[in-house]
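*Asks:* The structure follows.
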Amino acid sequence: MEIKEYIEKLPMRAVKPRSDGSFTVVPQMSQGQVSAEQLAAIQGVVEEYGLSGIRVTAGQRIMIDGVSADILREVVEKVGPVGDVFKHKVQSCLGTTGCRLAMQDSMGLAERLEEFLKDYSLPTKLKSSVSGCSMCCAESMIRDVGLIGRKNGWTISFGGNGGKRVRQGDVLAQDVSEAEAFDIIGKVLDFYAENAKVKERTARFVERVGVDAIKEAVFSD
Amino acid sequence: MAQKETPKGAILQRDKKTYAIVPRTPVGLVTPDVLEALARVGRKFEIPIMKITSGQRIALVGLEEEQVDQVWEDLKMDIGPAVGLCVHYVQACPGTEVCKLGVRDSLGLGMELEEMFVGKELPAKLKVGVSGCPMCCAESYVRDVGLIGKPKGWTMVVGGNASGRPRIADVLAEQLTRQEAVELVKRFLDYYRDNAGKRSRSARLLDKVGVDEVKKAIL
């Protein structure tokens with residue numbers, strides 16, 4: 001089908017087909033940052049095609065719903081970059097970019113973490129969050145990989161989930177540097193990738209193998 | 001205006017000079033007019049950062065003190081509470097409006113709850129998540145009040161929290177109609193208001209009294 005091929009050529013997660021035959025178009029943005037120009041472009045297509053507006057999601061994205069097949073290409077072209085650059089998306093709070101409470105640069109680390117995660121091939125989707133202080137506005141404790149900035153470094157949590165079978169992540173390390181954090185995340189994801197069942201989320205994986213086995217895999221050598 | 005008073009709906013930033021504001025966008029829905037206003041204001045005031053938050057809102061960050069009132073005036077939008085001791089926001093997934101998996105109208109119920117309760121004063125901030133199916137895309141189990149759409153009605157959970165001290169919400173009631181759900185949210189908020197200490201989030205109240213106590217009091 002022609003339209004299916006068109007969608008497949010776009011960046012990941014740029015267009016989602018809906019049950020009523022319409023499509024949702026997802027503009028590209030990292031850590032939820034959107035420029036005035038991008039907003040203006042989004043607004044331009046919403047107005048031009050008489051769409052109902054946009055939806056801001058909890059995953060720090062904007063979705064343009066109700067795009068019919070006949071205008072899909074035009075909307076995608078006019079709205080600017082769409083979809084995700086990186087396979088595994090990372091959310092963050094504002095961190096030291098603005099917030100008074102922040103202890104660490106969560107937005108900067110989130111950006112570098114997305115880059116770091118791009119080569120990992122994993123059993124299923126992976127959600128990560130970086131919070132700049134222990135208030136945890138990016139909700140790190142309920143993500144597959146969560147980072148929390150504290151005065152002396154980063155806390156790493158693994159195996160959290162905010163969905164149907166909700167689970168609090170297990171803390172793997174505290175007060176580690178960024179380099180150490182990436183090293184630990186790399187090791188735990190390697191262990192997960194090698195030992196998880198198909199489509200097994202990290203929460204289910206940690207429940208099955210136990211957090212001690214994970215810690216041993218990460219820290220014993 | 002009194003000196004040194006924080007401008008309307010503004011959150012002082014790290015540099016102790018600039019402010020962030022968060023306009024109210026119920027259940028994350030932004031109409032074409034609001035979108036137009038946000039884009040226009042972003043350009044006109046050259047707002048340094050516009051960032052989508054985890055609460056389905058758009059924060060405008062880095063405003064000078066004298067810009068705050070002008071920006072609000074241009075936006076013609078309400079304030080989305082972000083620091084007060086009250087209901088901050090209601091999140092919702094797309095539900096039956098858009099999603100293939102949706103079994104209940106989460107946007108509709110979310111919007112109704114938003115209109116009824118945002119700004120309601122409580123012992124601490126309170127967040128609501130309404131999910132249209134058990135996948136729980138609005139992360140209802142880690143909200144103070146969570147609703148989950150199931151084939152036989154709404155499940156209501158309370159006392160969840162996604163902070164550094166997370167808590168998984170307890171199931172308060174199941175198979176509720178939309179009207180029953182709204183009524184029970186109201187009863188829970190009143191119970192929470194009357195029984196929690198100042199600045200104590202609902203998760204800590206549930207830790208203390210247990211869900212059975214809450215059930216006894218309001219069901």
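Please note that chains go A, B, ... in the order of the structure tokens, that every chain numbers its residues from 1, and that ligands are numbered from 1 in the order shown.
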Provide as a count of residues only the residues of chain A at most 7 Å from chain B, counting only C-alpha atoms.
*Replies:* 38
*Asks:* Hey, what's within 8 Å of Val22 of chain B if we count only C-alpha atoms and toss same-chain stuff fewer than 3 positions away? As a list of chain:residue names, please?
*Replies:*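 Contacts, with the query itself left out: B:Gly9, B:Ala10, B:Arg57, B:Ile58, B:Ala59, B:Leu60, B:Ile79, B:Gly80, B:Pro81, B:Ala82.
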*Asks:* I want to know what sits within 12 Å of Tyr192 of chain B, based on only C-alpha atoms, with residues of the same chain fewer than 4 positions away left out; could you give that as a ChimeraX atom specification?
*Replies:* /B:86-87,120-126,144-145,158-159,185-188,196-206,209,211,213-214,217-218
*Asks:* With N, CA and C atoms retained, write the just-selected residues as an mmCIF file, in the first residue's frame.
*Replies:*
data_model
loop_
_atom_site.group_PDB
_atom_site.id
_atom_site.type_symbol
_atom_site.label_atom_id
_atom_site.label_comp_id
_atom_site.auth_asym_id
_atom_site.auth_seq_id
_atom_site.Cartn_x
_atom_site.Cartn_y
_atom_site.Cartn_z
ATOM 1 N N CYS B 86 -2.940 22.449 45.997
ATOM 2 C CA CYS B 86 -4.264 22.294 45.381
ATOM 3 C C CYS B 86 -4.196 21.221 44.288
ATOM 4 N N VAL B 87 -5.318 20.995 43.613
ATOM 5 C CA VAL B 87 -5.307 20.086 42.466
ATOM 6 C C VAL B 87 -4.534 20.764 41.334
ATOM 7 N N LYS B 120 -8.726 23.397 43.385
ATOM 8 C CA LYS B 120 -9.337 23.095 44.693
ATOM 9 C C LYS B 120 -8.254 22.973 45.754
ATOM 10 N N GLU B 121 -8.431 23.712 46.821
ATOM 11 C CA GLU B 121 -7.399 23.751 47.859
ATOM 12 C C GLU B 121 -7.391 22.481 48.694
ATOM 13 N N LEU B 122 -6.180 21.973 48.905
ATOM 14 C CA LEU B 122 -5.988 20.710 49.601
ATOM 15 C C LEU B 122 -4.748 20.812 50.488
ATOM 16 N N PRO B 123 -4.479 19.799 51.309
ATOM 17 C CA PRO B 123 -3.285 19.865 52.159
ATOM 18 C C PRO B 123 -1.977 19.936 51.363
ATOM 19 N N ALA B 124 -1.932 19.350 50.186
ATOM 20 C CA ALA B 124 -0.722 19.384 49.358
ATOM 21 C C ALA B 124 -1.156 19.302 47.901
ATOM 22 N N LYS B 125 -0.181 19.333 47.018
ATOM 23 C CA LYS B 125 -0.581 19.254 45.607
ATOM 24 C C LYS B 125 -1.178 17.892 45.293
ATOM 25 N N LEU B 126 -2.001 17.859 44.272
ATOM 26 C CA LEU B 126 -2.665 16.610 43.926
ATOM 27 C C LEU B 126 -2.742 16.472 42.409
ATOM 28 N N ASP B 144 -2.138 10.691 42.558
ATOM 29 C CA ASP B 144 -2.906 10.768 43.805
ATOM 30 C C ASP B 144 -4.292 10.166 43.603
ATOM 31 N N VAL B 145 -4.898 10.523 42.481
ATOM 32 C CA VAL B 145 -6.175 9.928 42.096
ATOM 33 C C VAL B 145 -6.019 9.381 40.685
ATOM 34 N N VAL B 158 -6.263 5.322 44.521
ATOM 35 C CA VAL B 158 -5.848 6.533 45.231
ATOM 36 C C VAL B 158 -4.514 6.323 45.948
ATOM 37 N N GLY B 159 -3.803 7.429 46.152
ATOM 38 C CA GLY B 159 -2.575 7.401 46.958
ATOM 39 C C GLY B 159 -1.334 7.016 46.186
ATOM 40 N N VAL B 185 -14.565 10.758 43.347
ATOM 41 C CA VAL B 185 -13.382 11.631 43.366
ATOM 42 C C VAL B 185 -13.645 12.794 44.319
ATOM 43 N N LYS B 186 -14.825 13.353 44.211
ATOM 44 C CA LYS B 186 -15.167 14.490 45.079
ATOM 45 C C LYS B 186 -15.117 14.063 46.547
ATOM 46 N N ARG B 187 -15.719 12.916 46.835
ATOM 47 C CA ARG B 187 -15.726 12.453 48.232
ATOM 48 C C ARG B 187 -14.310 12.179 48.731
ATOM 49 N N PHE B 188 -13.466 11.614 47.856
ATOM 50 C CA PHE B 188 -12.088 11.345 48.273
ATOM 51 C C PHE B 188 -11.326 12.648 48.533
ATOM 52 N N ALA B 196 -5.691 14.834 56.152
ATOM 53 C CA ALA B 196 -4.235 14.830 55.966
ATOM 54 C C ALA B 196 -3.622 16.081 56.594
ATOM 55 N N GLY B 197 -2.407 15.919 57.092
ATOM 56 C CA GLY B 197 -1.690 17.061 57.641
ATOM 57 C C GLY B 197 -1.222 17.979 56.532
ATOM 58 N N LYS B 198 -0.907 19.207 56.910
ATOM 59 C CA LYS B 198 -0.482 20.175 55.904
ATOM 60 C C LYS B 198 0.773 19.666 55.183
ATOM 61 N N ARG B 199 0.777 19.803 53.871
ATOM 62 C CA ARG B 199 1.866 19.390 52.985
ATOM 63 C C ARG B 199 2.050 17.867 52.918
ATOM 64 N N SER B 200 1.092 17.137 53.442
ATOM 65 C CA SER B 200 1.193 15.683 53.360
ATOM 66 C C SER B 200 0.448 15.221 52.105
ATOM 67 N N ARG B 201 1.196 14.582 51.191
ATOM 68 C CA ARG B 201 0.579 14.109 49.950
ATOM 69 C C ARG B 201 -0.347 12.927 50.236
ATOM 70 N N SER B 202 -1.221 12.622 49.300
ATOM 71 C CA SER B 202 -2.190 11.541 49.518
ATOM 72 C C SER B 202 -1.492 10.194 49.749
ATOM 73 N N ALA B 203 -0.318 10.002 49.138
ATOM 74 C CA ALA B 203 0.415 8.744 49.322
ATOM 75 C C ALA B 203 0.751 8.531 50.796
ATOM 76 N N ARG B 204 1.153 9.597 51.462
ATOM 77 C CA ARG B 204 1.523 9.483 52.873
ATOM 78 C C ARG B 204 0.291 9.250 53.745
ATOM 79 N N LEU B 205 -0.846 9.866 53.348
ATOM 80 C CA LEU B 205 -2.093 9.621 54.082
ATOM 81 C C LEU B 205 -2.491 8.142 53.976
ATOM 82 N N LEU B 206 -2.392 7.600 52.760
ATOM 83 C CA LEU B 206 -2.751 6.189 52.571
ATOM 84 C C LEU B 206 -1.790 5.266 53.323
ATOM 85 N N VAL B 209 -3.186 5.672 57.090
ATOM 86 C CA VAL B 209 -4.487 5.144 57.505
ATOM 87 C C VAL B 209 -4.853 3.817 56.834
ATOM 88 N N VAL B 211 -6.021 1.785 53.021
ATOM 89 C CA VAL B 211 -7.137 2.008 52.097
ATOM 90 C C VAL B 211 -8.473 1.548 52.688
ATOM 91 N N GLU B 213 -9.562 1.944 55.669
ATOM 92 C CA GLU B 213 -10.085 3.067 56.457
ATOM 93 C C GLU B 213 -10.762 4.086 55.534
ATOM 94 N N VAL B 214 -10.098 4.351 54.401
ATOM 95 C CA VAL B 214 -10.659 5.306 53.440
ATOM 96 C C VAL B 214 -11.975 4.761 52.884
ATOM 97 N N ALA B 217 -14.761 5.146 55.270
ATOM 98 C CA ALA B 217 -15.206 6.524 55.448
ATOM 99 C C ALA B 217 -16.032 7.049 54.276
ATOM 100 N N ILE B 218 -15.703 6.626 53.051
ATOM 101 C CA ILE B 218 -16.360 7.299 51.926
ATOM 102 C C ILE B 218 -17.184 6.408 50.992
#
*Asks:* Using only C-alpha atoms, which residues sit within 12 Å of Glu74 of chain A once same-chain residues fewer than 5 positions away are excluded, as a PyMOL selection string?
*Replies:* chain A and resi 25+44-46+48-49+67-69+79-80
*Asks:* Write the residues you've just listed into a file as a PDB file, in the first residue's frame, and include N, CA and C atoms for each of them.
*Replies:*
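Writing done, so here's out.pdb:
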ATOM      1  N   VAL A  25       0.103  12.730  13.518  1.00  0.00           N
ATOM      2  CA  VAL A  25       1.440  13.149  13.119  1.00  0.00           C
ATOM      3  C   VAL A  25       2.175  13.675  14.357  1.00  0.00           C
ATOM      4  N   GLY A  44       0.303  26.493  11.940  1.00  0.00           N
ATOM      5  CA  GLY A  44       0.001  26.742  10.528  1.00  0.00           C
ATOM      6  C   GLY A  44      -0.771  25.591   9.883  1.00  0.00           C
ATOM      7  N   VAL A  45      -0.314  24.352  10.116  1.00  0.00           N
ATOM      8  CA  VAL A  45      -1.023  23.228   9.488  1.00  0.00           C
ATOM      9  C   VAL A  45      -2.383  22.976  10.147  1.00  0.00           C
ATOM     10  N   VAL A  46      -2.437  23.172  11.457  1.00  0.00           N
ATOM     11  CA  VAL A  46      -3.718  22.986  12.150  1.00  0.00           C
ATOM     12  C   VAL A  46      -4.766  23.930  11.568  1.00  0.00           C
ATOM     13  N   GLU A  48      -4.546  25.643   8.542  1.00  0.00           N
ATOM     14  CA  GLU A  48      -4.754  25.450   7.107  1.00  0.00           C
ATOM     15  C   GLU A  48      -5.699  24.286   6.812  1.00  0.00           C
ATOM     16  N   TYR A  49      -5.551  23.198   7.572  1.00  0.00           N
ATOM     17  CA  TYR A  49      -6.354  22.018   7.268  1.00  0.00           C
ATOM     18  C   TYR A  49      -7.548  21.864   8.210  1.00  0.00           C
ATOM     19  N   VAL A  67      -5.575  13.570  11.176  1.00  0.00           N
ATOM     20  CA  VAL A  67      -5.068  13.934   9.849  1.00  0.00           C
ATOM     21  C   VAL A  67      -5.541  12.862   8.855  1.00  0.00           C
ATOM     22  N   SER A  68      -6.294  13.263   7.852  1.00  0.00           N
ATOM     23  CA  SER A  68      -6.814  12.257   6.919  1.00  0.00           C
ATOM     24  C   SER A  68      -5.742  11.878   5.891  1.00  0.00           C
ATOM     25  N   ALA A  69      -5.948  10.720   5.278  1.00  0.00           N
ATOM     26  CA  ALA A  69      -4.933  10.172   4.369  1.00  0.00           C
ATOM     27  C   ALA A  69      -4.599  11.137   3.221  1.00  0.00           C
ATOM     28  N   VAL A  79       4.945  20.611   8.510  1.00  0.00           N
ATOM     29  CA  VAL A  79       5.058  20.752   9.963  1.00  0.00           C
ATOM     30  C   VAL A  79       6.517  20.770  10.436  1.00  0.00           C
ATOM     31  N   GLY A  80       7.441  20.502   9.530  1.00  0.00           N
ATOM     32  CA  GLY A  80       8.856  20.475   9.927  1.00  0.00           C
ATOM     33  C   GLY A  80       9.268  19.068  10.305  1.00  0.00           C
TER      34      GLY A  80
END
*Asks:* Using only C-alpha atoms, can you tell me which of A:Asn161, A:Ser121, A:Ser177, A:Thr202 comes closest to Leu109 of chain A?
*Replies:* A:Ser177
*Asks:* Could you work out how far atom CA of Gln38 of chain A lies from atom CA of Pro23 of chain B, giving the answer in Å with one decimal?
*Replies:*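 These atoms are spaced 18.3 Å apart.
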*Asks:* For Ser131 of chain A, work out the shell of residues within 9 Å, counting only C-alpha atoms and skipping chain neighbours fewer than 6 positions away, then give it as a PyMOL selection string.
*Replies:* chain A and resi 91-95+102+104-107+110+137-140+146-149
*Asks:* So that I can check the surroundings of Lys215 of chain B, please list as a PDB file with C-alpha atoms, in the first residue's frame every protein, DNA and RNA residue that reaches within 9 Å of it, counting only C-alpha atoms and ignoring chain neighbours fewer than 4 positions away.
*Replies:*
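What ended up in part-v8.pdb:
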ATOM      1  CA  LEU B 172     -10.678   2.157  46.068  1.00  0.00           C
ATOM      2  CA  ALA B 173     -13.581   0.996  43.921  1.00  0.00           C
ATOM      3  CA  VAL B 211      -7.137   2.008  52.097  1.00  0.00           C
ATOM      4  CA  LEU B 219     -17.929   4.280  50.261  1.00  0.00           C
TER       5      LEU B 219
END
*Asks:* Between B:Glu73, B:Glu66, B:Glu183, B:Glu174, single out the one closest to Glu112 of chain B, counting only C-alpha atoms.
*Replies:*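 The answer is B:Glu183, which sits nearest to Glu112 of chain B.
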*Asks:* Enumerate, as a PyMOL selection string, the complete set of residues in segment 7-183 of chain A that a backbone-based DSSP assignment places in helix (DSSP H, G or I).
*Replies:* chain A and resi 7-9+36-48+69-78+95-97+106-117+140-142+178-183
*Asks:* Can you write out the residues you just picked, keeping C-alpha atoms, as a PDB file, in the first residue's frame?
*Replies:*
ATOM      1  CA  ILE A   7       5.090   6.179   6.501  1.00  0.00           C
ATOM      2  CA  GLU A   8       7.819   3.541   6.639  1.00  0.00           C
ATOM      3  CA  LYS A   9      10.259   5.898   4.955  1.00  0.00           C
ATOM      4  CA  ALA A  36       8.398  29.252  18.657  1.00  0.00           C
ATOM      5  CA  GLU A  37       9.042  28.565  14.953  1.00  0.00           C
ATOM      6  CA  GLN A  38       8.100  24.938  15.335  1.00  0.00           C
ATOM      7  CA  LEU A  39       4.954  25.859  17.250  1.00  0.00           C
ATOM      8  CA  ALA A  40       4.098  28.347  14.524  1.00  0.00           C
ATOM      9  CA  ALA A  41       4.566  25.655  11.855  1.00  0.00           C
ATOM     10  CA  ILE A  42       2.337  23.262  13.808  1.00  0.00           C
ATOM     11  CA  GLN A  43      -0.235  25.983  14.266  1.00  0.00           C
ATOM     12  CA  GLY A  44       0.001  26.742  10.528  1.00  0.00           C
ATOM     13  CA  VAL A  45      -1.023  23.228   9.488  1.00  0.00           C
ATOM     14  CA  VAL A  46      -3.718  22.986  12.150  1.00  0.00           C
ATOM     15  CA  GLU A  47      -5.268  26.158  10.801  1.00  0.00           C
ATOM     16  CA  GLU A  48      -4.754  25.450   7.107  1.00  0.00           C
ATOM     17  CA  ALA A  69      -4.933  10.172   4.369  1.00  0.00           C
ATOM     18  CA  ASP A  70      -5.365  12.687   1.547  1.00  0.00           C
ATOM     19  CA  ILE A  71      -3.585  15.496   3.420  1.00  0.00           C
ATOM     20  CA  LEU A  72      -1.048  13.388   5.323  1.00  0.00           C
ATOM     21  CA  ARG A  73       1.900  14.107   3.031  1.00  0.00           C
ATOM     22  CA  GLU A  74       1.254  17.839   2.976  1.00  0.00           C
ATOM     23  CA  VAL A  75       0.921  18.017   6.754  1.00  0.00           C
ATOM     24  CA  VAL A  76       4.145  16.069   7.267  1.00  0.00           C
ATOM     25  CA  GLU A  77       6.025  18.300   4.842  1.00  0.00           C
ATOM     26  CA  LYS A  78       4.757  21.558   6.284  1.00  0.00           C
ATOM     27  CA  GLY A  95      17.056  20.718  35.738  1.00  0.00           C
ATOM     28  CA  THR A  96      19.776  23.340  36.089  1.00  0.00           C
ATOM     29  CA  THR A  97      18.628  24.903  32.808  1.00  0.00           C
ATOM     30  CA  SER A 106      19.068  16.726  33.680  1.00  0.00           C
ATOM     31  CA  MET A 107      18.349  18.025  30.169  1.00  0.00           C
ATOM     32  CA  GLY A 108      21.995  17.780  29.144  1.00  0.00           C
ATOM     33  CA  LEU A 109      22.334  14.275  30.540  1.00  0.00           C
ATOM     34  CA  ALA A 110      19.076  13.179  28.900  1.00  0.00           C
ATOM     35  CA  GLU A 111      20.364  14.328  25.543  1.00  0.00           C
ATOM     36  CA  ARG A 112      23.617  12.416  25.963  1.00  0.00           C
ATOM     37  CA  LEU A 113      21.737   9.359  27.226  1.00  0.00           C
ATOM     38  CA  GLU A 114      19.590   9.275  24.064  1.00  0.00           C
ATOM     39  CA  GLU A 115      22.766   9.298  22.012  1.00  0.00           C
ATOM     40  CA  PHE A 116      24.311   6.605  24.216  1.00  0.00           C
ATOM     41  CA  LEU A 117      21.257   4.339  23.946  1.00  0.00           C
ATOM     42  CA  SER A 140      12.490   8.419  37.142  1.00  0.00           C
ATOM     43  CA  MET A 141      11.491   5.735  39.660  1.00  0.00           C
ATOM     44  CA  ILE A 142       8.781   4.376  37.384  1.00  0.00           C
ATOM     45  CA  GLU A 178      27.978  10.643  34.573  1.00  0.00           C
ATOM     46  CA  ALA A 179      30.668   8.361  33.128  1.00  0.00           C
ATOM     47  CA  GLU A 180      30.050   5.775  35.858  1.00  0.00           C
ATOM     48  CA  ALA A 181      26.311   6.062  35.336  1.00  0.00           C
ATOM     49  CA  PHE A 182      26.632   5.338  31.619  1.00  0.00           C
ATOM     50  CA  ASP A 183      28.939   2.431  32.340  1.00  0.00           C
TER      51      ASP A 183
END
*Asks:* If you run DSSP over the backbone, which residues in segment 20-148 of chain B end up strand (DSSP E or B)? Put them as a PyMOL selection string.
*Replies:* chain B and resi 20-21+23+29-30+49-52+58-63+79+86-92+121+126-131+145-148
*Asks:* Would you mind exporting the chosen residues as an mmCIF file, in the first residue's frame, restricted to N, CA and C atoms?
*Replies:*
data_model
loop_
_atom_site.group_PDB
_atom_site.id
_atom_site.type_symbol
_atom_site.label_atom_id
_atom_site.label_comp_id
_atom_site.auth_asym_id
_atom_site.auth_seq_id
_atom_site.Cartn_x
_atom_site.Cartn_y
_atom_site.Cartn_z
ATOM 1 N N ALA B 20 9.283 31.190 35.159
ATOM 2 C CA ALA B 20 8.600 30.249 34.258
ATOM 3 C C ALA B 20 7.105 30.365 34.518
ATOM 4 N N ILE B 21 6.302 30.188 33.485
ATOM 5 C CA ILE B 21 4.857 30.102 33.688
ATOM 6 C C ILE B 21 4.325 28.851 32.981
ATOM 7 N N PRO B 23 0.752 27.685 31.405
ATOM 8 C CA PRO B 23 -0.667 27.902 31.117
ATOM 9 C C PRO B 23 -1.471 26.619 31.299
ATOM 10 N N LEU B 29 -5.020 18.988 25.944
ATOM 11 C CA LEU B 29 -5.599 19.390 24.663
ATOM 12 C C LEU B 29 -5.367 20.881 24.425
ATOM 13 N N VAL B 30 -4.877 21.193 23.237
ATOM 14 C CA VAL B 30 -4.579 22.578 22.890
ATOM 15 C C VAL B 30 -5.355 22.907 21.612
ATOM 16 N N ILE B 49 12.983 29.166 26.423
ATOM 17 C CA ILE B 49 12.688 27.731 26.429
ATOM 18 C C ILE B 49 11.185 27.513 26.521
ATOM 19 N N MET B 50 10.652 26.720 25.591
ATOM 20 C CA MET B 50 9.296 26.216 25.749
ATOM 21 C C MET B 50 9.433 24.705 25.823
ATOM 22 N N LYS B 51 8.943 24.145 26.919
ATOM 23 C CA LYS B 51 9.197 22.727 27.169
ATOM 24 C C LYS B 51 7.924 22.034 27.607
ATOM 25 N N ILE B 52 7.686 20.887 26.991
ATOM 26 C CA ILE B 52 6.535 20.088 27.367
ATOM 27 C C ILE B 52 6.866 19.342 28.644
ATOM 28 N N ILE B 58 2.634 22.880 28.694
ATOM 29 C CA ILE B 58 3.776 23.512 28.047
ATOM 30 C C ILE B 58 4.261 24.640 28.955
ATOM 31 N N ALA B 59 5.484 24.503 29.456
ATOM 32 C CA ALA B 59 6.046 25.527 30.330
ATOM 33 C C ALA B 59 6.800 26.552 29.485
ATOM 34 N N LEU B 60 6.584 27.827 29.780
ATOM 35 C CA LEU B 60 7.330 28.889 29.116
ATOM 36 C C LEU B 60 8.373 29.379 30.128
ATOM 37 N N VAL B 61 9.632 29.203 29.791
ATOM 38 C CA VAL B 61 10.692 29.386 30.772
ATOM 39 C C VAL B 61 11.636 30.515 30.361
ATOM 40 N N GLY B 62 12.033 31.323 31.368
ATOM 41 C CA GLY B 62 13.039 32.351 31.129
ATOM 42 C C GLY B 62 12.452 33.722 30.847
ATOM 43 N N LEU B 63 11.244 33.985 31.383
ATOM 44 C CA LEU B 63 10.629 35.298 31.180
ATOM 45 C C LEU B 63 11.206 36.314 32.166
ATOM 46 N N ILE B 79 -4.080 30.201 34.438
ATOM 47 C CA ILE B 79 -2.865 29.646 35.025
ATOM 48 C C ILE B 79 -3.068 28.157 35.303
ATOM 49 N N CYS B 86 -2.940 22.449 45.997
ATOM 50 C CA CYS B 86 -4.264 22.294 45.381
ATOM 51 C C CYS B 86 -4.196 21.221 44.288
ATOM 52 N N VAL B 87 -5.318 20.995 43.613
ATOM 53 C CA VAL B 87 -5.307 20.086 42.466
ATOM 54 C C VAL B 87 -4.534 20.764 41.334
ATOM 55 N N HIS B 88 -3.427 20.164 40.895
ATOM 56 C CA HIS B 88 -2.597 20.792 39.868
ATOM 57 C C HIS B 88 -3.106 20.529 38.464
ATOM 58 N N TYR B 89 -3.303 19.273 38.154
ATOM 59 C CA TYR B 89 -3.750 18.981 36.802
ATOM 60 C C TYR B 89 -4.408 17.616 36.720
ATOM 61 N N VAL B 90 -5.127 17.433 35.638
ATOM 62 C CA VAL B 90 -5.682 16.127 35.317
ATOM 63 C C VAL B 90 -5.061 15.703 33.999
ATOM 64 N N GLN B 91 -4.403 14.566 34.019
ATOM 65 C CA GLN B 91 -3.851 14.015 32.786
ATOM 66 C C GLN B 91 -4.822 13.010 32.213
ATOM 67 N N ALA B 92 -4.789 12.817 30.924
ATOM 68 C CA ALA B 92 -5.592 11.750 30.337
ATOM 69 C C ALA B 92 -4.930 11.258 29.068
ATOM 70 N N GLU B 121 -8.431 23.712 46.821
ATOM 71 C CA GLU B 121 -7.399 23.751 47.859
ATOM 72 C C GLU B 121 -7.391 22.481 48.694
ATOM 73 N N LEU B 126 -2.001 17.859 44.272
ATOM 74 C CA LEU B 126 -2.665 16.610 43.926
ATOM 75 C C LEU B 126 -2.742 16.472 42.409
ATOM 76 N N LYS B 127 -2.408 15.287 41.928
ATOM 77 C CA LYS B 127 -2.388 15.021 40.501
ATOM 78 C C LYS B 127 -3.355 13.893 40.165
ATOM 79 N N VAL B 128 -4.017 14.023 39.047
ATOM 80 C CA VAL B 128 -5.013 13.043 38.629
ATOM 81 C C VAL B 128 -4.630 12.489 37.261
ATOM 82 N N GLY B 129 -4.771 11.176 37.091
ATOM 83 C CA GLY B 129 -4.511 10.566 35.780
ATOM 84 C C GLY B 129 -5.676 9.684 35.362
ATOM 85 N N VAL B 130 -6.217 9.928 34.186
ATOM 86 C CA VAL B 130 -7.350 9.148 33.701
ATOM 87 C C VAL B 130 -6.924 8.355 32.465
ATOM 88 N N SER B 131 -6.959 7.031 32.580
ATOM 89 C CA SER B 131 -6.566 6.162 31.465
ATOM 90 C C SER B 131 -7.799 5.471 30.903
ATOM 91 N N VAL B 145 -4.898 10.523 42.481
ATOM 92 C CA VAL B 145 -6.175 9.928 42.096
ATOM 93 C C VAL B 145 -6.019 9.381 40.685
ATOM 94 N N GLY B 146 -6.290 8.098 40.512
ATOM 95 C CA GLY B 146 -6.177 7.511 39.186
ATOM 96 C C GLY B 146 -7.481 6.837 38.782
ATOM 97 N N LEU B 147 -7.824 6.971 37.513
ATOM 98 C CA LEU B 147 -9.001 6.272 37.001
ATOM 99 C C LEU B 147 -8.581 5.431 35.813
ATOM 100 N N ILE B 148 -9.132 4.231 35.745
ATOM 101 C CA ILE B 148 -8.753 3.311 34.686
ATOM 102 C C ILE B 148 -10.032 2.759 34.060
#
*Asks:* By how many Å are atom CA of Ala203 of chain A and atom CA of Leu122 of chain A apart?
*Replies:*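 Rounded to one decimal, the two atoms are 13.7 Å apart.
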